[in-house]
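File shown: model_31.cif. Contents: mmCIF, C-alpha atoms and all ligand atoms.
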data_upload
#
loop_
_atom_site.label_atom_id
_atom_site.label_comp_id
_atom_site.auth_asym_id
_atom_site.auth_seq_id
_atom_site.Cartn_x
_atom_site.Cartn_y
_atom_site.Cartn_z
CA MET A 1 13.08 14.87 -28.90
CA SER A 2 12.18 11.30 -29.57
CA ARG A 3 8.63 10.12 -28.93
CA ASP A 4 10.15 6.82 -27.80
CA SER A 5 12.14 8.58 -25.08
CA LYS A 6 13.13 6.56 -22.04
CA ASN A 7 13.29 9.69 -19.90
CA PRO A 8 10.45 9.92 -17.36
CA GLU A 9 10.16 13.72 -17.76
CA THR A 10 9.30 13.17 -21.43
CA ILE A 11 7.21 10.00 -21.06
CA VAL A 12 4.76 11.67 -18.67
CA LEU A 13 4.01 14.30 -21.32
CA HIS A 14 4.18 12.26 -24.52
CA GLY A 15 4.04 8.53 -23.70
CA GLY A 16 1.37 6.41 -25.35
CA TYR A 17 -0.83 9.23 -26.72
CA ARG A 18 -0.15 11.99 -29.24
CA HIS A 19 -3.49 13.61 -30.01
CA ASP A 20 -7.12 12.68 -30.36
CA PRO A 21 -7.49 10.86 -33.71
CA ASP A 22 -10.81 12.53 -34.55
CA THR A 23 -10.40 16.11 -33.31
CA GLY A 24 -6.63 16.57 -33.01
CA ALA A 25 -7.07 17.60 -29.35
CA VAL A 26 -3.70 17.57 -27.62
CA ALA A 27 -5.09 17.32 -24.09
CA VAL A 28 -6.65 13.88 -23.67
CA PRO A 29 -10.43 14.40 -23.98
CA ILE A 30 -12.74 13.06 -21.26
CA TYR A 31 -14.70 10.35 -23.05
CA GLN A 32 -17.68 10.46 -20.74
CA THR A 33 -19.58 7.67 -22.45
CA THR A 34 -20.80 4.27 -21.37
CA SER A 35 -20.86 2.63 -24.81
CA TYR A 36 -19.37 2.72 -28.31
CA GLN A 37 -21.16 2.33 -31.65
CA PHE A 38 -19.98 -0.81 -33.47
CA ARG A 39 -19.23 -0.37 -37.19
CA ASP A 40 -21.26 -3.45 -38.11
CA ALA A 41 -22.14 -6.93 -36.87
CA GLU A 42 -18.77 -8.39 -37.82
CA HIS A 43 -16.91 -5.64 -35.96
CA ALA A 44 -18.98 -6.29 -32.84
CA ALA A 45 -18.40 -10.04 -33.07
CA ASN A 46 -14.64 -9.55 -33.53
CA LEU A 47 -14.40 -7.29 -30.50
CA PHE A 48 -16.23 -9.74 -28.28
CA ALA A 49 -14.12 -12.64 -29.56
CA LEU A 50 -10.93 -10.58 -28.94
CA LYS A 51 -9.97 -11.01 -32.61
CA GLU A 52 -9.68 -7.24 -32.65
CA LEU A 53 -9.04 -4.87 -29.74
CA GLY A 54 -11.46 -1.97 -29.39
CA ASN A 55 -13.99 -0.21 -27.24
CA ILE A 56 -17.07 -2.11 -26.13
CA TYR A 57 -18.27 -0.64 -22.84
CA THR A 58 -16.62 1.73 -20.31
CA ARG A 59 -16.76 -0.83 -17.50
CA ILE A 60 -14.11 -2.71 -19.49
CA MET A 61 -12.23 0.05 -21.35
CA ASN A 62 -12.38 3.76 -22.11
CA PRO A 63 -10.20 5.95 -24.40
CA THR A 64 -9.38 8.50 -21.67
CA ASN A 65 -8.28 5.76 -19.30
CA ASP A 66 -6.49 4.06 -22.19
CA ALA A 67 -4.21 7.11 -22.57
CA LEU A 68 -3.41 7.01 -18.84
CA GLU A 69 -2.83 3.24 -19.00
CA MET A 70 -0.41 3.53 -21.90
CA ARG A 71 1.45 6.44 -20.32
CA LEU A 72 1.91 4.79 -16.93
CA ALA A 73 2.85 1.47 -18.53
CA ALA A 74 5.51 3.31 -20.59
CA LEU A 75 6.79 5.06 -17.47
CA GLU A 76 7.20 1.72 -15.67
CA GLY A 77 8.70 -0.12 -18.64
CA GLY A 78 5.63 -2.38 -18.86
CA VAL A 79 3.55 -3.52 -21.84
CA ALA A 80 -0.03 -2.85 -20.71
CA GLY A 81 -1.92 -1.00 -18.00
CA LEU A 82 -5.34 -1.45 -16.47
CA ALA A 83 -6.97 1.48 -14.70
CA THR A 84 -9.11 0.59 -11.68
CA ALA A 85 -11.46 2.44 -9.34
CA SER A 86 -8.92 2.58 -6.49
CA GLY A 87 -5.61 1.22 -5.28
CA GLN A 88 -7.56 -1.33 -3.25
CA SER A 89 -9.30 -2.65 -6.34
CA ALA A 90 -5.95 -2.82 -8.18
CA ALA A 91 -4.61 -5.10 -5.41
CA THR A 92 -7.82 -7.14 -5.27
CA LEU A 93 -7.99 -7.74 -9.02
CA SER A 94 -4.26 -8.59 -9.18
CA ILE A 95 -4.62 -11.32 -6.58
CA LEU A 96 -7.92 -12.62 -7.98
CA ASN A 97 -6.28 -12.80 -11.41
CA LEU A 98 -4.05 -15.61 -10.09
CA CYS A 99 -5.71 -17.08 -6.99
CA GLU A 100 -8.94 -19.02 -6.61
CA SER A 101 -10.58 -20.51 -3.54
CA GLY A 102 -8.19 -23.04 -1.96
CA ASP A 103 -5.11 -21.26 -3.28
CA ASN A 104 -2.63 -19.18 -1.31
CA PHE A 105 -0.14 -16.37 -1.88
CA VAL A 106 2.81 -15.07 0.14
CA SER A 107 2.91 -11.42 1.16
CA SER A 108 5.40 -9.23 2.97
CA THR A 109 4.16 -8.21 6.42
CA ASP A 110 5.18 -4.62 5.63
CA LEU A 111 1.96 -3.39 4.08
CA TYR A 112 -0.49 -0.51 4.02
CA GLY A 113 -3.15 -1.33 6.67
CA GLY A 114 -5.99 -1.46 4.14
CA THR A 115 -4.11 -4.06 2.10
CA TRP A 116 -3.41 -6.03 5.28
CA ASN A 117 -7.14 -6.14 6.04
CA LEU A 118 -7.98 -7.16 2.49
CA PHE A 119 -5.49 -10.01 2.62
CA ALA A 120 -5.98 -11.17 6.22
CA ASN A 121 -9.78 -10.97 6.34
CA THR A 122 -11.69 -10.41 3.11
CA LEU A 123 -9.65 -12.65 0.79
CA SER A 124 -9.34 -15.26 3.52
CA SER A 125 -13.15 -15.32 3.87
CA MET A 126 -13.22 -16.15 0.14
CA GLY A 127 -10.93 -19.15 0.69
CA ILE A 128 -7.73 -17.45 -0.50
CA GLU A 129 -5.04 -17.69 2.17
CA CYS A 130 -2.43 -14.98 2.58
CA ARG A 131 0.81 -16.22 4.17
CA PHE A 132 2.51 -13.21 5.74
CA VAL A 133 6.30 -13.34 5.99
CA ASP A 134 8.95 -10.98 7.32
CA PRO A 135 10.82 -9.53 4.29
CA THR A 136 13.98 -8.90 6.31
CA ASP A 137 15.09 -12.34 5.08
CA PRO A 138 14.01 -12.99 1.44
CA GLU A 139 14.30 -16.75 2.08
CA ASN A 140 11.13 -16.49 4.19
CA PHE A 141 9.22 -16.32 0.90
CA ARG A 142 10.68 -19.64 -0.25
CA LYS A 143 9.81 -21.30 3.08
CA ALA A 144 6.13 -20.35 2.72
CA VAL A 145 5.64 -21.80 -0.80
CA ASP A 146 3.60 -24.94 -1.44
CA ASP A 147 1.83 -26.42 -4.50
CA ARG A 148 -1.07 -24.00 -4.22
CA THR A 149 1.04 -20.81 -3.95
CA ARG A 150 0.19 -18.56 -6.89
CA CYS A 151 2.06 -15.29 -6.33
CA PHE A 152 4.22 -13.13 -4.05
CA PHE A 153 3.15 -9.62 -3.01
CA ALA A 154 5.03 -6.67 -1.48
CA GLU A 155 5.31 -2.88 -1.31
CA THR A 156 8.53 -1.23 -2.52
CA LEU A 157 8.70 1.42 0.21
CA PRO A 158 6.26 0.45 2.95
CA ASN A 159 5.40 2.85 5.71
CA PRO A 160 5.82 3.20 8.65
CA LYS A 161 9.09 1.20 8.70
CA LEU A 162 10.26 2.62 5.33
CA GLN A 163 12.51 -0.41 4.82
CA VAL A 164 12.89 -1.03 1.10
CA PHE A 165 11.73 -4.45 -0.11
CA PRO A 166 14.34 -6.82 -1.64
CA ILE A 167 12.63 -6.93 -5.04
CA GLN A 168 15.23 -8.80 -7.12
CA GLU A 169 16.03 -11.32 -4.37
CA VAL A 170 12.37 -12.32 -3.93
CA ALA A 171 11.54 -12.15 -7.66
CA ASP A 172 14.42 -14.60 -8.29
CA ILE A 173 13.13 -17.03 -5.65
CA GLY A 174 9.67 -16.83 -7.25
CA LYS A 175 11.02 -17.60 -10.71
CA GLU A 176 12.48 -20.89 -9.43
CA PHE A 177 8.87 -22.00 -8.78
CA GLY A 178 7.17 -20.17 -11.68
CA ILE A 179 5.69 -17.73 -9.16
CA PRO A 180 5.35 -14.02 -10.13
CA LEU A 181 6.08 -11.12 -7.78
CA LEU A 182 3.48 -8.34 -7.66
CA VAL A 183 4.75 -5.03 -6.26
CA ASP A 184 2.76 -2.06 -4.95
CA ASN A 185 4.92 0.92 -5.93
CA THR A 186 2.52 3.60 -4.64
CA ALA A 187 5.10 5.35 -2.40
CA SER A 188 7.97 5.34 -4.89
CA PRO A 189 7.02 6.22 -8.48
CA ILE A 190 9.90 7.59 -10.60
CA ILE A 191 12.51 6.68 -7.95
CA CYS A 192 11.92 2.93 -8.42
CA ARG A 193 10.82 0.82 -11.39
CA PRO A 194 10.12 -2.63 -9.88
CA LEU A 195 9.80 -4.27 -13.32
CA ASP A 196 13.50 -3.51 -13.95
CA HIS A 197 14.33 -5.59 -10.86
CA GLY A 198 12.35 -8.70 -11.75
CA ALA A 199 8.81 -7.91 -10.57
CA ALA A 200 6.17 -9.30 -12.94
CA VAL A 201 3.41 -6.80 -12.20
CA VAL A 202 3.33 -3.34 -10.63
CA ILE A 203 0.28 -1.86 -8.99
CA TYR A 204 -0.48 1.68 -7.86
CA SER A 205 -2.89 3.61 -5.82
CA THR A 206 -2.92 6.53 -8.29
CA THR A 207 -4.77 8.41 -5.53
CA LYS A 208 -1.36 9.38 -4.07
CA TYR A 209 1.69 10.68 -5.97
CA ILE A 210 0.45 9.92 -9.50
CA GLY A 211 -2.37 12.43 -9.04
CA GLY A 212 -0.67 14.57 -6.42
CA HIS A 213 -3.67 16.91 -6.31
CA GLY A 214 -5.73 14.85 -3.88
CA THR A 215 -8.90 15.13 -6.00
CA SER A 216 -9.46 11.55 -7.14
CA ILE A 217 -9.35 7.93 -6.02
CA GLY A 218 -7.91 5.47 -8.54
CA GLY A 219 -5.58 2.57 -9.16
CA MET A 220 -3.50 0.96 -11.87
CA ILE A 221 -2.21 -2.53 -12.70
CA ILE A 222 0.82 -2.70 -15.02
CA ASP A 223 1.77 -5.94 -16.75
CA GLY A 224 5.55 -6.10 -17.19
CA GLY A 225 5.28 -8.37 -20.23
CA HIS A 226 8.41 -10.37 -19.40
CA PHE A 227 7.20 -12.96 -16.89
CA ASP A 228 6.87 -16.37 -18.56
CA TRP A 229 3.31 -17.15 -17.47
CA GLU A 230 3.05 -20.04 -19.90
CA SER A 231 6.03 -21.95 -18.51
CA SER A 232 4.46 -21.81 -15.05
CA GLY A 233 1.86 -24.30 -16.39
CA ASP A 234 -0.32 -25.80 -13.65
CA ARG A 235 1.24 -23.44 -11.10
CA LEU A 236 -0.93 -20.65 -12.62
CA PRO A 237 -4.19 -22.29 -13.68
CA THR A 238 -6.14 -19.05 -14.22
CA LEU A 239 -3.85 -18.16 -17.11
CA ASN A 240 -2.98 -21.67 -18.37
CA HIS A 241 -6.21 -23.66 -18.04
CA PRO A 242 -9.36 -23.14 -20.17
CA ASP A 243 -11.50 -20.30 -18.81
CA PRO A 244 -15.16 -21.35 -18.71
CA SER A 245 -16.22 -17.71 -18.47
CA TYR A 246 -14.67 -16.91 -21.88
CA HIS A 247 -15.48 -19.72 -24.33
CA GLY A 248 -12.79 -21.93 -22.72
CA ALA A 249 -9.98 -19.50 -23.65
CA VAL A 250 -6.50 -20.35 -22.38
CA TRP A 251 -5.24 -16.84 -21.79
CA THR A 252 -1.53 -17.40 -22.39
CA GLU A 253 -2.41 -18.82 -25.82
CA ALA A 254 -5.40 -16.67 -26.72
CA VAL A 255 -3.53 -13.37 -26.39
CA LYS A 256 -0.42 -14.38 -28.32
CA PRO A 257 -1.41 -12.36 -31.42
CA LEU A 258 -1.86 -9.28 -29.20
CA GLY A 259 1.49 -9.48 -27.34
CA PRO A 260 2.70 -10.72 -23.93
CA ILE A 261 -0.31 -9.31 -22.09
CA ALA A 262 -2.08 -12.41 -20.73
CA PHE A 263 -2.19 -11.03 -17.17
CA ALA A 264 -3.52 -7.61 -18.18
CA ILE A 265 -6.08 -8.97 -20.64
CA ARG A 266 -7.56 -11.49 -18.22
CA ALA A 267 -7.77 -8.86 -15.47
CA ARG A 268 -9.66 -6.62 -17.89
CA VAL A 269 -12.00 -8.88 -19.81
CA VAL A 270 -12.79 -11.27 -16.95
CA LEU A 271 -12.36 -9.40 -13.65
CA LEU A 272 -13.21 -5.83 -14.62
CA ARG A 273 -16.09 -7.22 -16.66
CA ASP A 274 -17.43 -9.25 -13.73
CA ILE A 275 -16.53 -7.10 -10.73
CA GLY A 276 -16.84 -3.68 -12.34
CA ALA A 277 -14.24 -1.75 -10.30
CA ALA A 278 -13.53 0.56 -13.25
CA MET A 279 -11.94 4.01 -13.10
CA SER A 280 -14.26 6.87 -14.03
CA PRO A 281 -12.99 8.66 -17.18
CA PHE A 282 -13.17 11.96 -15.31
CA ASN A 283 -10.72 10.60 -12.73
CA GLY A 284 -8.59 9.21 -15.56
CA PHE A 285 -8.35 12.76 -16.92
CA GLN A 286 -7.39 14.10 -13.49
CA PHE A 287 -4.60 11.52 -13.15
CA ILE A 288 -3.27 12.43 -16.61
CA GLN A 289 -2.98 16.07 -15.44
CA GLY A 290 -1.18 15.01 -12.27
CA LEU A 291 1.15 12.60 -14.03
CA GLU A 292 2.54 15.43 -16.22
CA THR A 293 4.39 16.91 -13.23
CA LEU A 294 5.23 13.70 -11.35
CA PRO A 295 9.02 13.72 -11.98
CA LEU A 296 9.27 17.37 -10.86
CA ARG A 297 7.15 16.72 -7.80
CA MET A 298 9.01 13.56 -6.77
CA ARG A 299 12.31 15.45 -6.90
CA ALA A 300 10.87 18.15 -4.62
CA HIS A 301 9.23 15.60 -2.26
CA CYS A 302 12.55 13.75 -1.88
CA GLN A 303 14.65 16.89 -1.36
CA ASN A 304 12.26 18.31 1.20
CA ALA A 305 11.94 14.99 3.06
CA GLN A 306 15.72 14.67 3.32
CA ALA A 307 15.93 18.21 4.72
CA VAL A 308 13.19 17.39 7.25
CA ALA A 309 15.03 14.19 8.25
CA ASP A 310 18.18 16.25 8.88
CA PHE A 311 16.24 18.86 10.86
CA LEU A 312 14.37 16.34 13.04
CA SER A 313 17.53 14.31 13.69
CA GLY A 314 18.95 17.29 15.55
CA HIS A 315 15.81 18.18 17.50
CA PRO A 316 15.94 17.58 21.29
CA LYS A 317 12.32 16.38 21.58
CA VAL A 318 12.71 13.78 18.82
CA THR A 319 14.01 10.38 19.95
CA LYS A 320 14.14 8.66 16.55
CA VAL A 321 13.77 9.57 12.88
CA ILE A 322 12.73 6.94 10.33
CA TYR A 323 13.95 7.73 6.81
CA PRO A 324 15.94 5.49 4.42
CA SER A 325 19.06 7.71 4.48
CA LEU A 326 19.33 7.12 8.24
CA GLN A 327 19.23 3.33 7.97
CA GLU A 328 22.32 1.16 8.18
CA GLY A 329 23.64 -2.17 6.92
CA GLU A 330 21.40 -4.30 4.72
CA MET A 331 18.46 -1.88 4.88
CA ARG A 332 20.66 0.97 3.66
CA ARG A 333 22.00 -1.27 0.89
CA ARG A 334 18.46 -2.05 -0.26
CA ALA A 335 17.55 1.64 -0.29
CA ASP A 336 20.64 2.46 -2.36
CA THR A 337 20.01 -0.46 -4.74
CA TYR A 338 16.34 0.11 -5.44
CA LEU A 339 15.74 3.86 -5.01
CA LYS A 340 17.38 6.23 -7.48
CA GLY A 341 17.24 10.01 -7.49
CA GLY A 342 15.80 10.32 -3.99
CA LEU A 343 14.52 8.30 -1.05
CA GLY A 344 10.85 9.26 -1.13
CA GLY A 345 8.59 11.77 0.55
CA LEU A 346 7.46 9.69 3.53
CA LEU A 347 9.12 10.03 6.90
CA GLY A 348 8.38 9.03 10.47
CA PHE A 349 9.62 10.19 13.84
CA GLU A 350 9.13 9.35 17.48
CA LEU A 351 8.49 11.89 20.20
CA GLU A 352 9.54 11.66 23.77
CA GLY A 353 6.29 11.62 25.75
CA GLY A 354 4.43 8.93 23.79
CA MET A 355 0.71 9.14 23.01
CA ASP A 356 0.04 12.58 24.56
CA ALA A 357 3.04 14.15 22.86
CA GLY A 358 2.02 12.69 19.49
CA ARG A 359 -1.49 14.09 19.75
CA GLN A 360 -0.28 17.50 20.99
CA PHE A 361 2.11 17.74 18.07
CA ILE A 362 -0.65 16.97 15.54
CA ASP A 363 -2.97 19.54 17.14
CA GLY A 364 -0.15 22.11 17.04
CA LEU A 365 0.37 21.93 13.26
CA GLU A 366 -0.86 24.94 11.31
CA MET A 367 0.16 24.32 7.69
CA PHE A 368 0.37 20.51 7.50
CA TYR A 369 -3.01 18.87 6.89
CA HIS A 370 -4.08 16.25 9.41
CA VAL A 371 -5.35 13.51 7.09
CA ALA A 372 -5.20 9.75 6.49
CA ASN A 373 -3.51 10.13 3.13
CA ILE A 374 -0.05 10.23 1.60
CA GLY A 375 1.48 11.53 -1.61
CA ASP A 376 -0.40 14.80 -1.88
CA ALA A 377 1.52 17.89 -3.12
CA ARG A 378 0.65 19.41 0.29
CA SER A 379 2.39 18.26 3.47
CA LEU A 380 0.31 15.80 5.51
CA ALA A 381 0.62 14.34 9.00
CA ILE A 382 -1.07 11.73 11.17
CA HIS A 383 -0.55 10.09 14.56
CA PRO A 384 -1.09 6.38 13.72
CA ALA A 385 -1.28 5.06 17.33
CA SER A 386 -4.49 7.02 17.96
CA THR A 387 -5.96 6.67 14.45
CA THR A 388 -5.03 4.20 11.70
CA HIS A 389 -3.37 1.73 14.10
CA SER A 390 -5.54 2.33 17.20
CA GLN A 391 -7.27 -1.09 16.93
CA LEU A 392 -3.96 -3.00 16.93
CA THR A 393 -2.66 -4.80 20.00
CA ASP A 394 0.58 -3.52 21.56
CA ASP A 395 2.45 -6.45 20.00
CA GLU A 396 1.03 -5.64 16.56
CA LYS A 397 1.93 -1.97 16.98
CA GLU A 398 5.48 -2.98 17.77
CA ALA A 399 5.61 -5.40 14.81
CA THR A 400 4.36 -2.70 12.45
CA GLY A 401 6.80 -0.14 13.87
CA VAL A 402 4.15 2.18 15.32
CA SER A 403 5.03 3.29 18.85
CA ALA A 404 2.75 5.55 20.93
CA GLY A 405 4.81 8.63 20.09
CA TYR A 406 5.22 7.84 16.40
CA VAL A 407 4.18 10.54 13.89
CA ARG A 408 3.93 9.91 10.14
CA LEU A 409 4.67 12.73 7.74
CA SER A 410 4.10 12.87 4.01
CA ILE A 411 6.32 15.76 3.03
CA GLY A 412 4.88 18.03 0.35
CA ILE A 413 6.42 20.36 -2.20
CA GLU A 414 5.91 23.66 -0.35
CA HIS A 415 8.98 25.82 0.33
CA ILE A 416 11.24 23.94 2.76
CA ASP A 417 11.42 26.94 5.12
CA ASP A 418 7.64 26.85 5.57
CA ILE A 419 7.64 23.07 6.15
CA ILE A 420 10.36 23.29 8.80
CA GLY A 421 8.74 26.42 10.25
CA ASP A 422 5.46 24.58 10.85
CA LEU A 423 7.21 21.55 12.34
CA THR A 424 9.27 23.81 14.62
CA GLN A 425 6.30 25.69 16.03
CA ALA A 426 4.30 22.45 16.53
CA LEU A 427 7.26 20.83 18.35
CA ASP A 428 7.51 23.93 20.56
CA LYS A 429 3.92 23.29 21.73
CA VAL A 430 4.68 19.71 22.88
N1 LIG B 1 -1.32 0.96 -1.38
C1 LIG B 1 -0.73 1.86 -0.58
C2 LIG B 1 0.75 1.76 -0.34
C3 LIG B 1 -1.48 2.86 0.04
O1 LIG B 1 -0.88 3.75 0.84
C4 LIG B 1 -2.89 2.91 -0.21
C5 LIG B 1 -3.75 3.93 0.43
O2 LIG B 1 -3.35 4.61 1.36
C6 LIG B 1 -3.46 1.95 -1.05
C7 LIG B 1 -2.64 1.00 -1.63
C8 LIG B 1 -4.92 1.94 -1.32
O3 LIG B 1 -5.23 2.90 -2.28
P1 LIG B 1 -6.67 3.57 -2.45
O4 LIG B 1 -6.89 4.42 -1.24
O5 LIG B 1 -6.53 4.34 -3.73
O6 LIG B 1 -7.67 2.48 -2.57
#
With the file now loaded, output its structure as structure tokens.
Amino acid sequence: MSRDSKNPETIVLHGGYRHDPDTGAVAVPIYQTTSYQFRDAEHAANLFALKELGNIYTRIMNPTNDALEMRLAALEGGVAGLATASGQSAATLSILNLCESGDNFVSSTDLYGGTWNLFANTLSSMGIECRFVDPTDPENFRKAVDDRTRCFFAETLPNPKLQVFPIQEVADIGKEFGIPLLVDNTASPIICRPLDHGAAVVIYSTTKYIGGHGTSIGGMIIDGGHFDWESSGDRLPTLNHPDPSYHGAVWTEAVKPLGPIAFAIRARVVLLRDIGAAMSPFNGFQFIQGLETLPLRMRAHCQNAQAVADFLSGHPKVTKVIYPSLQEGEMRRRADTYLKGGLGGLLGFELEGGMDAGRQFIDGLEMFYHVANIGDARSLAIHPASTTHSQLTDDEKEATGVSAGYVRLSIGIEHIDDIIGDLTQALDKV
């Protein structure tokens, strides 16, 4: 076996970390420490001046999280990772790394609801405008660009529509303007590597499939290392203009000796430093344990979800099944282009009988957990119209693809007979 393997099954066990340099420990130790003893005054000065990379304070970096960062970056084909306290903080820091008050960015409308709120309300209250566009036509991104547009944002496999985002098409439009594409790949690790298709940065809620155990909240930002931030010039002032918060550093120049990691370094030493949304090392350890089995789990999630899609498609009480293998035309082409080795573990379906039927079905489940989460090893279900999407207007529900009888499933890795058995008995009760 080569330690530089490109195979995900090997990277998740060996990537980026061999053993603890001091103790030889093979499992990554939990470095539950706030601070790190400097060797001497010069060492401390070098670390603060970024002449040398090393541990200063766990709000900014931690050896346990460093192992997770290197492993996930290797898995994605990126050059650097940055662990964050949650998926939400990964999205927030990614946008704030490029946008300042008065700037704007263009986002796909097909987003996790929490990200929608962050973009439409919280960032907008800080003077950063999100321009939402329909990703059905990639050209919509071009139409929304102006001089103050700093980045594009999208999810690879957004629920509930489960229509795969045209990554390469939009990344190519962005490059014409010097604009990077940031992609949330939370729902499709292993089956998609957005950096291979032109995305500049990948973000994760590690809370979901990366962990798989449902014990920890966390996030990750991965810098692809191939976007030419420097050539974007005035288009990306946070990386190309002097930073008053760091001795006037121009990040694209300052990090040259360290590699093409301007985006990741600024997010760490400016935003994590100032905002403090750091991952706890204990959670970092938990994600490392989960990551070890991610390729195996994703295979099982995808196989089980396809079997559930087939089962539900033939059920008399189900009026529609939403799963990429059932899509046609351009949407099917995108799924086949960007997803490899499976079409994901998320699936939706609509029940005849609307709101009441949806709620009865959820109450009838015995094995599935009824939770507002996805990506757990266990099967999960929710009725969005009465929960996550209940505050939306009817028009918004239609735009987001959530009808009254819509049920969202996150298919787990239990035996397929037990998954279908639970769905069958719950459908019988409707
Ligand atoms: N991105 C996606 C696609 C999600 O589904 C979620 C959470 O459900 C998030 C981001 C936010 O992640 P977290 O809950 O870890 O903050």
Inset, instruction - Find the residues near ligand LIG 1 (chain B). Use a cut-off of 7 Å, count all atoms listed in the file, and write them as a PyMOL selection string. - result: chain A and resi 86-89+111-112+114-115+155+158+184+186-187+204-207+217-219+373-374
Legend entry - Contacts of Asp234 (chain A) within 10 Å, all atoms listed in the file, excl. fewer than 6 positions in-chain, as JSON, numbers by chain: {"A": [147, 148, 150, 178, 240, 241]}
Legend entry - Separation of CA of Lys6 (chain A) from CA of His301 (chain A), in Å and rounded to one decimal: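 Computing the Euclidean distance for CA of Lys6 (chain A) and CA of His301 (chain A) yields 22.1 Å.
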Inset, instruction - Using all atoms listed in the file, determine which residues lie at most 9 Å from region 116-127 of chain A, disregarding the query and same-chain residues fewer than 6 positions distant; provide the list as a count of residues only. - result: 12
Legend entry - Point-to-point distance from CA of His14 (chain A) to CA of Ala200 (chain A), Å rounded to tenths: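 Computing the Euclidean distance for CA of His14 (chain A) and CA of Ala200 (chain A) yields 24.6 Å.
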Inset, instruction - Rounded to one decimal place, report the CA of Gln303 (chain A)-CA of Leu75 (chain A) distance in Å. - result: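 Interatomic distance, CA of Gln303 (chain A) to CA of Leu75 (chain A): 21.5 Å.
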Legend entry - region 57-72 of chain A environment, 9 Å, all atoms listed in the file, sequence neighbours closer than 4 positions dropped, as a PyMOL selection string: chain A and resi 11-17+28-36+76-83+220-222+268-269+272-273+276-285+287-288+291
